[in-house]
Amino acid sequence: MEGRISSLSLLFLVLSGVGALQVNIPQETYEHARGDNITLPCTFTTLSNKKAVIISWSVEGVQAGAKETLILTHYYPSKVTDIKQKYEGRVSVDVDVAKGKADLKLNRITLEDNKDFECRVQIPGDDEGKPADTARLIVLVAPSIPICKIEGKAEYGQNINLTCFSEEGSPPPTYKWESRDVKNTPRLFAPRTTDKNGILSLFNISKDTSGFYICTSSNKIRAKTCNVTLAVMPPSMNIGSTALIIGLVVLGLIILIVVIYCCCCRKKKEKEEYAMGVREGEYTDKEPTRNGESRHADGQEDPGDHEETRARSPDRYEERSERNYDSRRDYDDRRSDYDDRRTDYNDHRSDYDDRRSDYDDRRSDYKDRRTDYDDRRSDYDDRRSDYSDRRDKYSDRHERYDDRRYDDDRYDEPYDDRRRDGPPTPPNNKPRRDYDD
């Protein structure tokens, strides 16, 4: 029975004739790491005469519509192999027609070899059946270190994207994001957060969104990571508004400093005036000169003037003495008040150290006024000396008058008679004199 079936199959093949050629690549996909030397196997079978065979390998891009490129062509029985210039030195073919072998050898594969490879066999008189077969070559490349970026403004209420991308990797890497808070504790994303193709979308961000974000790029070879720190800040103002606000604040501070300085200077001036002592008008108890009277410093009067004034007006002298006493007492009160202010000045003296220069200027002005006061007092002493000279002159005149009175003969005898009756009465314009008995 089995012999009958085999005979029928052989008869069918002989009768059909056209279905004898079969080309086959064992696997649909081959994976190899970049830089490896690989072999893509290809076998063929035929019942036709193998006196002439043409074997070719070509490559076609993975993208749709990619153009097919011929790699090499091998001719049998001449055993000549025609290799395209682009692949010279990198490819070769291992052919055994009797065994139906037509393997492709490819050295130092790169990412450009990540394509579909086709093995085709041509035998004259046998163009039916399956003359070609295809396999996919995947060149494995570990993903490069991904690049993480922030797209958008990291401000309250904004929507931003965190991107992650590896420039190379085969098969194409997949991306995964994870988040940690500021304390480096893992946390879950908000419900609206999306993670697609390495793009992490965050919506309506807030302060709680701040933290560390880690992206992992991985494929069959290995995985690489990158991270980014997100710090969500309050909304920022534009430069013009910020500059205007800063300018107004600075202007307000300048005005405030000027006002405080003026107030401090005014207060300091008042305190220093009290601290420097009684003003110029408070240094004398003198009264203005009246009716030819002389002014004396510190309430002192000439003794002769004192006797003359008391002789002419006792009541006025007593009144003036009382007034001088009151003035002196008022001066003592002011002096006591000055001492109190001096104590207060000593308590606050530390506050005026940094303004000592201004105080020295004012003190110099006070010394100038004191010098003027001394000049006026010296003028008073000069006037007093002149008064003394006048008094000496009057005394001389008085002595000459006495001499004339004793030398005059008119007074010899009448004077004795009048002396017996009593002392004579001097005229109104002459000073009184006591006579001896």
# chains A, B, ... in the order shown; residues from 1 in each chain; ligands from 1
>>> residues_around(residues="region 120-135 of chain A", least_positions_apart="4", cutoff="9 Å", atoms="only C-alpha atoms", output="MDAnalysis selection string")
chainID A and resid 17:30 40 42 44 46:58 102 115:116
>>> write_last_selection(atoms="C-alpha atoms", output="mmCIF file, in the first residue's frame")
data_model
loop_
_atom_site.group_PDB
_atom_site.id
_atom_site.type_symbol
_atom_site.label_atom_id
_atom_site.label_comp_id
_atom_site.auth_asym_id
_atom_site.auth_seq_id
_atom_site.Cartn_x
_atom_site.Cartn_y
_atom_site.Cartn_z
ATOM 1 C CA GLY A 17 7.446 19.033 -13.256
ATOM 2 C CA VAL A 18 7.064 22.642 -12.251
ATOM 3 C CA GLY A 19 6.761 22.209 -8.495
ATOM 4 C CA ALA A 20 10.091 20.583 -7.891
ATOM 5 C CA LEU A 21 12.101 23.691 -6.636
ATOM 6 C CA GLN A 22 11.707 24.511 -2.902
ATOM 7 C CA VAL A 23 13.794 27.245 -1.109
ATOM 8 C CA ASN A 24 13.623 27.395 2.682
ATOM 9 C CA ILE A 25 15.102 29.460 5.577
ATOM 10 C CA PRO A 26 14.586 27.533 8.829
ATOM 11 C CA GLN A 27 13.503 30.477 11.032
ATOM 12 C CA GLU A 28 11.533 33.629 10.413
ATOM 13 C CA THR A 29 13.605 35.754 12.834
ATOM 14 C CA TYR A 30 17.223 35.739 13.885
ATOM 15 C CA LEU A 40 21.875 33.048 7.814
ATOM 16 C CA CYS A 42 19.282 28.738 3.315
ATOM 17 C CA PHE A 44 16.853 24.294 -1.585
ATOM 18 C CA THR A 46 14.781 20.253 -6.831
ATOM 19 C CA LEU A 47 14.138 17.225 -9.068
ATOM 20 C CA SER A 48 15.484 19.043 -12.085
ATOM 21 C CA ASN A 49 18.983 18.843 -13.482
ATOM 22 C CA LYS A 50 21.417 20.934 -11.331
ATOM 23 C CA LYS A 51 23.904 21.531 -14.057
ATOM 24 C CA ALA A 52 23.294 25.293 -13.870
ATOM 25 C CA VAL A 53 22.229 27.112 -10.663
ATOM 26 C CA ILE A 54 22.117 30.829 -9.770
ATOM 27 C CA ILE A 55 21.940 31.758 -6.043
ATOM 28 C CA SER A 56 21.351 35.366 -4.903
ATOM 29 C CA TRP A 57 20.894 37.195 -1.568
ATOM 30 C CA SER A 58 19.169 40.556 -1.227
ATOM 31 C CA ALA A 102 23.322 28.347 0.059
ATOM 32 C CA LYS A 115 16.402 44.270 7.925
ATOM 33 C CA ASP A 116 14.687 41.433 6.032
#
>>> select_by_dssp(residues="region 128-211 of chain A", states="strand (DSSP E or B)", output="VMD selection string")
chain A and resid 130 132 to 141 147 to 151 155 160 to 165 170 174 to 180 186 to 187 194 to 196 199 to 202 211
>>> write_last_selection(atoms="C-alpha atoms", output="PDB file, in the first residue's frame")
ATOM      1  CA  LYS A 130       8.989  28.269  -4.140  1.00  0.00           C
ATOM      2  CA  ALA A 132      12.739  32.256  -2.571  1.00  0.00           C
ATOM      3  CA  ASP A 133      12.318  32.570   1.197  1.00  0.00           C
ATOM      4  CA  THR A 134      12.703  35.510   3.671  1.00  0.00           C
ATOM      5  CA  ALA A 135      13.914  35.896   7.282  1.00  0.00           C
ATOM      6  CA  ARG A 136      14.138  38.931   9.609  1.00  0.00           C
ATOM      7  CA  LEU A 137      17.505  39.838  11.187  1.00  0.00           C
ATOM      8  CA  ILE A 138      17.257  41.769  14.469  1.00  0.00           C
ATOM      9  CA  VAL A 139      20.520  43.357  15.585  1.00  0.00           C
ATOM     10  CA  LEU A 140      20.405  43.650  19.367  1.00  0.00           C
ATOM     11  CA  VAL A 141      21.759  46.921  20.810  1.00  0.00           C
ATOM     12  CA  ILE A 147      17.861  61.940  28.247  1.00  0.00           C
ATOM     13  CA  CYS A 148      15.244  63.328  30.658  1.00  0.00           C
ATOM     14  CA  LYS A 149      13.747  66.794  30.148  1.00  0.00           C
ATOM     15  CA  ILE A 150      10.971  68.997  31.521  1.00  0.00           C
ATOM     16  CA  GLU A 151       8.681  70.627  28.969  1.00  0.00           C
ATOM     17  CA  GLU A 155       4.436  76.549  38.332  1.00  0.00           C
ATOM     18  CA  ILE A 160       3.849  69.857  32.031  1.00  0.00           C
ATOM     19  CA  ASN A 161       5.483  66.855  30.326  1.00  0.00           C
ATOM     20  CA  LEU A 162       8.526  64.878  31.412  1.00  0.00           C
ATOM     21  CA  THR A 163      10.225  63.300  28.394  1.00  0.00           C
ATOM     22  CA  CYS A 164      12.610  60.328  28.279  1.00  0.00           C
ATOM     23  CA  PHE A 165      14.400  59.149  25.115  1.00  0.00           C
ATOM     24  CA  SER A 170      17.474  47.541  19.280  1.00  0.00           C
ATOM     25  CA  THR A 174      10.475  50.668  26.310  1.00  0.00           C
ATOM     26  CA  TYR A 175      10.217  53.436  28.885  1.00  0.00           C
ATOM     27  CA  LYS A 176       8.825  53.457  32.390  1.00  0.00           C
ATOM     28  CA  TRP A 177       8.545  56.356  34.867  1.00  0.00           C
ATOM     29  CA  GLU A 178       8.492  56.211  38.649  1.00  0.00           C
ATOM     30  CA  SER A 179       8.205  59.003  41.221  1.00  0.00           C
ATOM     31  CA  ARG A 180       9.634  59.766  44.661  1.00  0.00           C
ATOM     32  CA  PRO A 186       8.257  56.045  46.429  1.00  0.00           C
ATOM     33  CA  ARG A 187       4.768  57.330  45.669  1.00  0.00           C
ATOM     34  CA  THR A 194      -0.350  59.472  31.776  1.00  0.00           C
ATOM     35  CA  ASP A 195       2.823  57.599  30.781  1.00  0.00           C
ATOM     36  CA  LYS A 196       3.124  56.818  27.056  1.00  0.00           C
ATOM     37  CA  ILE A 199       6.298  60.964  27.896  1.00  0.00           C
ATOM     38  CA  LEU A 200       4.938  61.478  31.426  1.00  0.00           C
ATOM     39  CA  SER A 201       2.116  64.054  31.431  1.00  0.00           C
ATOM     40  CA  LEU A 202       1.354  65.854  34.716  1.00  0.00           C
ATOM     41  CA  GLY A 211      10.137  65.513  43.912  1.00  0.00           C
TER      42      GLY A 211
END
>>> closest_residue(among="A:Ser336, A:Arg363, A:Gly247, A:Val228", to="Glu273 (chain A)", atoms="only C-alpha atoms")
A:Arg363
>>> closest_residue(among="A:Ala142, A:Cys264, A:Ala223, A:Val249", to="Arg34 (chain A)", atoms="only C-alpha atoms")
A:Ala142
>>> atom_distance(atom1="CA of Tyr261 (chain A)", atom2="CA of Arg356 (chain A)")
15.8 Å
>>> atom_distance(atom1="CA of Pro171 (chain A)", atom2="CA of Gly89 (chain A)")
26.3 Å
>>> decode(residues="region 132-185 of chain A", atoms="C-alpha atoms", output="short mmCIF file (atom, residue, chain, number, x, y, z; two decimals), in the first residue's frame")
data_model
loop_
_atom_site.label_atom_id
_atom_site.label_comp_id
_atom_site.auth_asym_id
_atom_site.auth_seq_id
_atom_site.Cartn_x
_atom_site.Cartn_y
_atom_site.Cartn_z
CA ALA A 132 12.74 32.26 -2.57
CA ASP A 133 12.32 32.57 1.20
CA THR A 134 12.70 35.51 3.67
CA ALA A 135 13.91 35.90 7.28
CA ARG A 136 14.14 38.93 9.61
CA LEU A 137 17.51 39.84 11.19
CA ILE A 138 17.26 41.77 14.47
CA VAL A 139 20.52 43.36 15.59
CA LEU A 140 20.41 43.65 19.37
CA VAL A 141 21.76 46.92 20.81
CA ALA A 142 21.54 47.95 24.44
CA PRO A 143 19.72 51.26 24.88
CA SER A 144 21.88 54.32 25.33
CA ILE A 145 21.57 56.37 28.51
CA PRO A 146 18.22 58.15 28.14
CA ILE A 147 17.86 61.94 28.25
CA CYS A 148 15.24 63.33 30.66
CA LYS A 149 13.75 66.79 30.15
CA ILE A 150 10.97 69.00 31.52
CA GLU A 151 8.68 70.63 28.97
CA GLY A 152 6.61 73.55 30.28
CA LYS A 153 6.68 75.88 33.28
CA ALA A 154 6.92 74.17 36.65
CA GLU A 155 4.44 76.55 38.33
CA TYR A 156 1.29 76.01 40.36
CA GLY A 157 -1.72 74.97 38.24
CA GLN A 158 0.30 74.32 35.05
CA ASN A 159 0.38 71.17 32.85
CA ILE A 160 3.85 69.86 32.03
CA ASN A 161 5.48 66.85 30.33
CA LEU A 162 8.53 64.88 31.41
CA THR A 163 10.22 63.30 28.39
CA CYS A 164 12.61 60.33 28.28
CA PHE A 165 14.40 59.15 25.12
CA SER A 166 17.36 56.87 24.22
CA GLU A 167 19.07 57.76 20.99
CA GLU A 168 19.78 54.12 20.16
CA GLY A 169 18.58 50.68 21.13
CA SER A 170 17.47 47.54 19.28
CA PRO A 171 14.91 46.31 19.58
CA PRO A 172 13.47 49.75 20.37
CA PRO A 173 13.53 50.26 24.16
CA THR A 174 10.48 50.67 26.31
CA TYR A 175 10.22 53.44 28.89
CA LYS A 176 8.83 53.46 32.39
CA TRP A 177 8.54 56.36 34.87
CA GLU A 178 8.49 56.21 38.65
CA SER A 179 8.20 59.00 41.22
CA ARG A 180 9.63 59.77 44.66
CA ASP A 181 8.80 62.63 47.03
CA VAL A 182 11.28 65.11 48.48
CA LYS A 183 12.12 62.54 51.19
CA ASN A 184 13.02 60.00 48.46
CA THR A 185 10.01 57.84 49.34
#
